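Data from data_36.cif: mmCIF, C-alpha atoms
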data_input
#
loop_
_atom_site.label_atom_id
_atom_site.label_comp_id
_atom_site.auth_asym_id
_atom_site.auth_seq_id
_atom_site.Cartn_x
_atom_site.Cartn_y
_atom_site.Cartn_z
CA MET A 1 31.97 -7.90 -12.49
CA PRO A 2 28.16 -8.04 -12.47
CA THR A 3 26.04 -5.16 -13.77
CA ILE A 4 23.20 -3.74 -11.67
CA LEU A 5 20.29 -1.57 -12.79
CA LEU A 6 19.90 1.37 -10.38
CA ILE A 7 16.16 2.13 -10.34
CA ARG A 8 16.37 5.25 -8.19
CA PRO A 9 15.32 8.91 -8.32
CA ALA A 10 17.88 11.04 -10.10
CA ASN A 11 18.94 12.82 -6.89
CA ARG A 12 19.81 9.54 -5.15
CA LEU A 13 21.94 8.10 -7.92
CA PRO A 14 25.34 9.68 -7.02
CA GLU A 15 25.42 7.85 -3.68
CA ASP A 16 24.45 4.55 -5.31
CA VAL A 17 27.01 4.99 -8.08
CA ALA A 18 29.71 5.60 -5.46
CA THR A 19 28.68 2.40 -3.66
CA CYS A 20 28.87 0.38 -6.89
CA ARG A 21 32.33 1.76 -7.63
CA GLN A 22 33.46 0.93 -4.11
CA PHE A 23 32.61 -2.73 -4.63
CA GLY A 24 33.71 -2.91 -8.26
CA TRP A 25 30.24 -3.47 -9.74
CA GLN A 26 29.17 -2.19 -13.14
CA TYR A 27 25.98 -0.11 -13.05
CA ILE A 28 23.28 1.44 -15.22
CA PRO A 29 21.67 4.61 -13.84
CA PHE A 30 17.94 4.16 -14.47
CA PRO A 31 15.97 6.99 -12.83
CA PRO A 32 12.18 6.75 -13.32
CA LEU A 33 11.65 9.92 -11.25
CA ASN A 34 13.11 13.37 -10.78
CA ILE A 35 12.58 15.36 -7.56
CA VAL A 36 11.25 18.91 -8.03
CA PRO A 37 11.40 21.18 -4.93
CA HIS A 38 8.58 23.52 -3.90
CA HIS A 39 10.73 26.47 -2.89
CA GLU A 40 7.88 28.63 -1.59
CA ARG A 41 6.97 25.93 0.93
CA ILE A 42 10.59 25.35 1.90
CA ASP A 43 10.85 29.07 2.71
CA HIS A 44 8.11 28.64 5.34
CA LEU A 45 9.44 25.38 6.75
CA PRO A 46 11.60 26.85 9.58
CA GLU A 47 8.63 28.63 11.16
CA ARG A 48 6.48 25.50 10.82
CA ILE A 49 9.19 23.47 12.59
CA GLU A 50 9.33 26.07 15.36
CA GLU A 51 5.55 25.80 15.87
CA SER A 52 5.67 22.00 16.16
CA ASP A 53 6.42 19.66 19.07
CA ALA A 54 8.18 17.15 16.82
CA VAL A 55 9.06 16.77 13.14
CA PHE A 56 8.88 13.55 11.13
CA TRP A 57 11.00 13.31 7.97
CA VAL A 58 9.85 10.78 5.42
CA SER A 59 13.20 10.24 3.62
CA PRO A 60 16.75 11.51 3.11
CA THR A 61 15.41 13.30 0.04
CA ALA A 62 13.04 15.34 2.23
CA VAL A 63 15.95 16.38 4.46
CA GLU A 64 18.19 17.25 1.53
CA VAL A 65 15.52 19.14 -0.41
CA ALA A 66 14.74 21.21 2.70
CA GLY A 67 18.45 21.97 3.07
CA LEU A 68 17.99 23.57 6.50
CA ASN A 69 20.65 24.19 9.10
CA LEU A 70 19.17 22.25 12.02
CA SER A 71 22.06 22.78 14.42
CA GLY A 72 20.07 25.22 16.54
CA SER A 73 16.89 23.14 16.61
CA LEU A 74 15.78 21.85 20.01
CA LYS A 75 12.89 19.89 18.52
CA PRO A 76 12.91 16.09 18.31
CA HIS A 77 13.42 15.07 14.70
CA ILE A 78 12.01 11.65 13.84
CA ALA A 79 13.36 9.71 10.85
CA VAL A 80 11.79 6.82 8.97
CA GLY A 81 15.08 4.90 9.05
CA TYR A 82 18.84 5.03 9.44
CA SER A 83 19.59 6.80 6.15
CA THR A 84 17.18 9.59 6.98
CA SER A 85 18.62 9.91 10.49
CA LYS A 86 22.10 10.16 8.99
CA ALA A 87 20.96 12.97 6.69
CA LEU A 88 19.39 14.81 9.64
CA ARG A 89 22.64 14.65 11.61
CA GLU A 90 24.60 15.86 8.59
CA PHE A 91 22.34 18.94 8.59
CA GLY A 92 22.98 19.50 12.29
CA ALA A 93 20.01 17.93 14.06
CA ALA A 94 20.99 16.88 17.58
CA TRP A 95 17.88 15.09 18.86
CA VAL A 96 17.14 12.37 16.29
CA TRP A 97 14.93 9.31 16.70
CA TYR A 98 14.67 6.42 14.25
CA PRO A 99 13.71 2.73 14.42
CA SER A 100 16.67 0.36 14.69
CA THR A 101 14.62 -2.37 13.03
CA GLY A 102 12.34 -1.59 10.13
CA ASN A 103 12.16 1.49 7.95
CA ASP A 104 8.50 2.35 7.61
CA SER A 105 5.63 4.07 9.43
CA GLU A 106 4.79 0.93 11.39
CA ALA A 107 8.30 0.82 12.86
CA VAL A 108 8.25 4.57 13.58
CA LEU A 109 5.03 4.20 15.58
CA GLU A 110 6.82 1.80 17.93
CA LEU A 111 9.42 4.40 18.96
CA PRO A 112 9.35 5.49 22.65
CA ILE A 113 9.44 9.17 21.61
CA TRP A 114 5.63 9.16 21.32
CA GLU A 115 5.38 8.50 25.06
CA LYS A 116 7.48 11.61 25.73
CA LEU A 117 5.41 14.02 23.63
CA PRO A 118 2.29 15.74 24.94
CA ILE A 119 -1.04 14.29 23.82
CA GLY A 120 -2.60 16.86 21.55
CA GLY A 121 0.84 18.04 20.49
CA GLU A 122 1.65 19.35 17.03
CA ILE A 123 3.42 16.86 14.76
CA LEU A 124 4.81 18.13 11.46
CA ILE A 125 5.39 15.62 8.65
CA VAL A 126 7.87 16.75 5.98
CA ASN A 127 7.40 14.82 2.77
CA GLY A 128 6.56 15.03 -0.92
CA THR A 129 3.31 14.70 -2.78
CA GLY A 130 1.83 11.22 -2.94
CA GLY A 131 2.87 8.33 -0.74
CA ARG A 132 1.15 6.70 2.21
CA ASN A 133 -0.89 8.61 4.78
CA TYR A 134 -0.73 5.82 7.35
CA LEU A 135 1.46 7.56 9.94
CA ALA A 136 -0.66 10.71 9.97
CA GLN A 137 -3.85 8.67 10.39
CA GLN A 138 -2.43 6.68 13.28
CA LEU A 139 -1.09 9.77 15.06
CA VAL A 140 -4.46 11.51 14.77
CA GLN A 141 -6.09 8.45 16.33
CA ARG A 142 -3.62 8.76 19.22
CA GLY A 143 -4.73 12.34 19.80
CA TYR A 144 -2.02 14.36 18.08
CA HIS A 145 -2.57 17.28 15.72
CA VAL A 146 -0.81 16.44 12.46
CA SER A 147 0.08 18.69 9.53
CA ASN A 148 2.07 18.09 6.35
CA MET A 149 4.63 20.16 4.49
CA LYS A 150 4.88 18.67 1.02
CA ILE A 151 8.08 20.32 -0.10
CA TYR A 152 8.64 18.50 -3.39
CA HIS A 153 6.92 16.46 -6.05
CA ARG A 154 8.12 13.66 -8.29
CA GLU A 155 8.17 13.91 -12.08
CA GLU A 156 8.23 10.76 -14.19
CA GLN A 157 11.16 10.50 -16.59
CA VAL A 158 11.58 8.57 -19.84
CA LEU A 159 13.91 5.64 -19.24
CA ASP A 160 16.91 4.74 -21.41
CA TRP A 161 15.92 1.32 -22.70
CA LEU A 162 18.76 1.31 -25.25
CA ALA A 163 21.27 1.35 -22.36
CA PHE A 164 19.30 -1.45 -20.69
CA LYS A 165 19.40 -3.56 -23.87
CA GLU A 166 23.07 -2.91 -24.64
CA GLN A 167 24.52 -3.35 -21.13
CA ARG A 168 22.35 -6.33 -20.09
CA PRO A 169 22.08 -6.03 -16.30
CA TYR A 170 21.79 -9.14 -14.17
CA PHE A 171 20.63 -7.40 -10.98
CA ALA A 172 18.46 -4.40 -10.08
CA TRP A 173 18.12 -2.15 -7.01
CA VAL A 174 14.75 -0.44 -6.45
CA THR A 175 13.37 1.42 -3.43
CA SER A 176 9.72 2.24 -4.11
CA ALA A 177 6.65 0.52 -5.50
CA GLN A 178 5.90 3.63 -7.56
CA MET A 179 9.18 3.23 -9.41
CA VAL A 180 8.50 -0.48 -9.97
CA ASN A 181 5.20 0.42 -11.63
CA ILE A 182 6.75 3.15 -13.81
CA VAL A 183 9.50 0.83 -15.06
CA PHE A 184 7.09 -1.93 -16.07
CA LYS A 185 4.64 0.57 -17.58
CA GLN A 186 7.38 2.05 -19.80
CA ALA A 187 9.08 -1.24 -20.68
CA PRO A 188 8.98 -2.22 -24.37
CA ILE A 189 7.22 -5.52 -24.89
CA SER A 190 10.41 -6.99 -26.33
CA LEU A 191 12.27 -6.35 -23.05
CA THR A 192 9.57 -7.17 -20.51
CA GLN A 193 10.61 -10.78 -20.03
CA THR A 194 14.25 -9.79 -19.56
CA LEU A 195 13.16 -7.20 -17.00
CA LYS A 196 11.20 -9.86 -15.09
CA SER A 197 14.18 -12.23 -15.09
CA LEU A 198 16.53 -9.90 -13.18
CA ILE A 199 17.44 -10.51 -9.55
CA TYR A 200 16.01 -7.57 -7.62
CA PHE A 201 17.31 -6.08 -4.38
CA THR A 202 14.93 -3.97 -2.32
CA HIS A 203 14.58 -2.91 1.31
CA HIS A 204 10.87 -3.47 1.99
CA GLN A 205 8.26 -6.19 1.65
CA ARG A 206 5.73 -3.85 -0.01
CA ILE A 207 8.17 -3.23 -2.85
CA ALA A 208 8.81 -6.95 -3.16
CA ASP A 209 5.05 -7.47 -3.42
CA ALA A 210 4.84 -4.88 -6.20
CA LEU A 211 7.62 -6.69 -8.08
CA ARG A 212 5.80 -10.02 -7.76
CA GLN A 213 2.64 -8.44 -9.14
CA HIS A 214 4.62 -7.69 -12.30
CA GLY A 215 5.86 -11.27 -12.57
CA VAL A 216 9.29 -10.96 -10.96
CA GLY A 217 10.40 -14.22 -9.38
CA GLN A 218 13.82 -13.49 -7.85
CA ILE A 219 13.77 -10.88 -5.07
CA ARG A 220 16.18 -10.32 -2.18
CA ILE A 221 15.24 -8.04 0.72
CA VAL A 222 18.28 -6.23 2.14
CA LYS A 223 18.89 -3.27 4.43
CA ASN A 224 20.54 -1.17 1.73
CA LEU A 225 22.59 -1.35 -1.46
CA THR A 226 25.83 -1.74 0.46
CA GLU A 227 24.57 -4.93 2.10
CA ALA A 228 23.39 -6.25 -1.26
CA LEU A 229 26.74 -5.75 -2.94
CA GLN A 230 28.66 -7.11 0.03
CA LYS A 231 26.63 -10.30 0.27
CA TYR A 232 25.92 -11.20 -3.34
CA SER A 233 27.77 -11.84 -6.54
CA ALA A 234 26.84 -13.62 -9.75
CA GLN A 235 28.38 -16.81 -8.36
CA SER A 236 26.59 -16.71 -4.97
CA ILE A 237 23.04 -16.20 -6.26
CA ASP A 238 21.02 -19.40 -6.55
#

structure tokens encoding of this file:
Amino acid sequence: MPTILLIRPANRLPEDVATCRQFGWQYIPFPPLNIVPHHERIDHLPERIEESDAVFWVSPTAVEVAGLNLSGSLKPHIAVGYSTSKALREFGAAWVWYPSTGNDSEAVLELPIWEKLPIGGEILIVNGTGGRNYLAQQLVQRGYHVSNMKIYHREEQVLDWLAFKEQRPYFAWVTSAQMVNIVFKQAPISLTQTLKSLIYFTHHQRIADALRQHGVGQIRIVKNLTEALQKYSAQSID
């Protein structure tokens, strides 16, 4: 079976590994980042949620790092996409909004929930350090008061290029432009061309653009890793 390079934060790898095993694919865990929680901020998160009119969660990682029991929350919780909405429901959130098409701030801004919230209302964004500020900027322009709780940061990790060289992946799965840049920055010169020649799966056009900037030619945009493994095999890729 084909081998896929899993370019994912360390905390997201178990789910991806389970998906690969389900479909019989070989895999190489390849985490460029580790997630480090800010516990003192997490301790204050419940009161910040209570003070807000709605809460936006930037990723499943944000939900999992927070680790809150949301079963008693009457606030609308807004997710960037399906995976984040699933994580919110697993932690007990009852009133969850997420875009059915798209998984970014632009899609979130199209949700009808914004028409139900009071203008001037308090919107809390739960995220990590770095990343885009587009959603916050757009909500401020619409008249909302926006605050952030950055409850974790990302630490770059040294990648295992020996495993890459020995196991020779044919595919790769990557979910952020930041991780694309770290991988190519760390890549030994002797392996750069091999890295460029892989067939990459990703879920967003911005990540595909980052891959192209590093010289990658074969990119497939999919909803998630499950769809990628269901639809593609070494024989079906052109």

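One distance worth recording is that between atom CA of A:Ser190 and atom CA of A:Asp160, which is 14.3 Å.
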
Long-range neighbours of A:Arg220 as a PyMOL selection string, 7 Å cut-off, only C-alpha atoms, 2 positions minimum in chain: chain A and resi 200-202+218+222

Starting from the displayed file, determine the output of the PyMOL selection byres ((chain A and resi 39) around 12) and express the residue list as number ranges by chain. A: 36-38, 40-45, 65-67, 149-153

Given the PyMOL selection byres ((chain A and resi 186) around 10) and the file above, list the residues it selects as a PDB file with C-alpha atoms, keeping the file's coordinate frame.
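The resulting file, expr-v8.pdb, is reproduced below:
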ATOM      1  CA  PRO A  32      12.180   6.750 -13.320  1.00  0.00           C
ATOM      2  CA  GLN A 157      11.160  10.500 -16.590  1.00  0.00           C
ATOM      3  CA  VAL A 158      11.580   8.570 -19.840  1.00  0.00           C
ATOM      4  CA  LEU A 159      13.910   5.640 -19.240  1.00  0.00           C
ATOM      5  CA  TRP A 161      15.920   1.320 -22.700  1.00  0.00           C
ATOM      6  CA  ASN A 181       5.200   0.420 -11.630  1.00  0.00           C
ATOM      7  CA  ILE A 182       6.750   3.150 -13.810  1.00  0.00           C
ATOM      8  CA  VAL A 183       9.500   0.830 -15.060  1.00  0.00           C
ATOM      9  CA  PHE A 184       7.090  -1.930 -16.070  1.00  0.00           C
ATOM     10  CA  LYS A 185       4.640   0.570 -17.580  1.00  0.00           C
ATOM     11  CA  ALA A 187       9.080  -1.240 -20.680  1.00  0.00           C
ATOM     12  CA  PRO A 188       8.980  -2.220 -24.370  1.00  0.00           C
ATOM     13  CA  ILE A 189       7.220  -5.520 -24.890  1.00  0.00           C
ATOM     14  CA  THR A 192       9.570  -7.170 -20.510  1.00  0.00           C
TER      15      THR A 192
END

So that I can check the surroundings of A:Leu68, please list as a PDB file with C-alpha atoms, in the frame of the given file every protein, DNA and RNA residue that reaches within 8 Å of it, counting all atoms listed in the file and ignoring chain neighbours fewer than 5 positions away.
ATOM      1  CA  PRO A  46      11.600  26.850   9.580  1.00  0.00           C
ATOM      2  CA  VAL A  63      15.950  16.380   4.460  1.00  0.00           C
ATOM      3  CA  PHE A  91      22.340  18.940   8.590  1.00  0.00           C
TER       4      PHE A  91
END

With distances taken over all atoms listed in the file, which residue among A:Val58, A:Ile7, A:Leu13, A:Ile49 lies nearest A:Ser105? A:Val58

Report the residues retrieved by the PyMOL selection byres ((chain A and resi 178) around 12) from the displayed file, expressed as a list of chain:residue names.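 This file, filtered by the PyMOL selection byres ((chain A and resi 178) around 12), leaves A:Ile7, A:Arg8, A:Pro9, A:Pro31, A:Pro32, A:Leu33, A:Gly130, A:Gly131, A:Arg132, A:Arg154, A:Glu155, A:Glu156, A:Val174, A:Thr175, A:Ser176, A:Ala177, A:Met179, A:Val180, A:Asn181, A:Ile182, A:Val183, A:Phe184, A:Lys185, A:Arg206, A:Ile207, A:Ala208, A:Asp209, A:Ala210, A:Leu211.
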
Can you pull out the residues contacting stretch 111-123 of chain A? Cut-off 10 Å, using all atoms listed in the file, and skip same-chain residues under 2 positions away; I want them as a VMD selection string. chain A and resid 48 to 49 51 to 56 76 to 78 96 to 100 106 to 109 125 to 126 136 139 to 140 142 to 148

Residue nearest A:Arg12 - candidates A:Lys165, A:Gly24, A:Ser59, A:Glu50, atoms counted: only C-alpha atoms: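 Smallest separation from A:Arg12 among the options: A:Ser59.
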
Top pick for closest residue to A:Gln138, considering A:Leu191, A:Glu110, A:Leu162, A:Ala79 and counting all atoms listed in the file: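 Closest candidate: A:Glu110.
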
Which protein, DNA or RNA residues have an atom at most 12 Å from (27.1, 4.5, -3.7), counting only C-alpha atoms? List them as a list in words.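 Residues with an atom close enough to that point: Leu6, Arg8, Arg12, Leu13, Pro14, Glu15, Asp16, Val17, Ala18, Thr19, Cys20, Arg21, Gln22, Phe23, Gly24, Trp25, Gln26, Tyr27, Pro29, Trp173, Asn224, Leu225, Thr226, Glu227, Ala228 and Leu229 of chain A.
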
Using only C-alpha atoms, collect all residues at a distance of at most 10 Å from (22.9, 16.6, 13.3) as written in the file, then present them as a PyMOL selection string. chain A and resi 69-73+77+85-96

Nearest residue to A:Ala62 from the set A:Arg212, A:Gly128, A:Leu135, A:Lys75 (distances using all atoms listed in the file): A:Gly128

What's the separation between atom CA of A:Lys196 and atom CA of A:Gly215, in Å to one decimal place?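 These two atoms are separated by 6.1 Å.
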
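Note that atom CA of A:Val80 and atom CA of A:Gln141 are 19.4 Å apart.
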
Give, as JSON, the centre coordinates and the x, y and z edge lengths in Å to one decimal for an axis-aligned box around all listed atoms of stretch 56-65 of chain A, padded by 4 Å on each side.
{"center_x": 13.5, "center_y": 14.7, "center_z": 5.4, "size_x": 17.3, "size_y": 16.9, "size_z": 19.5}
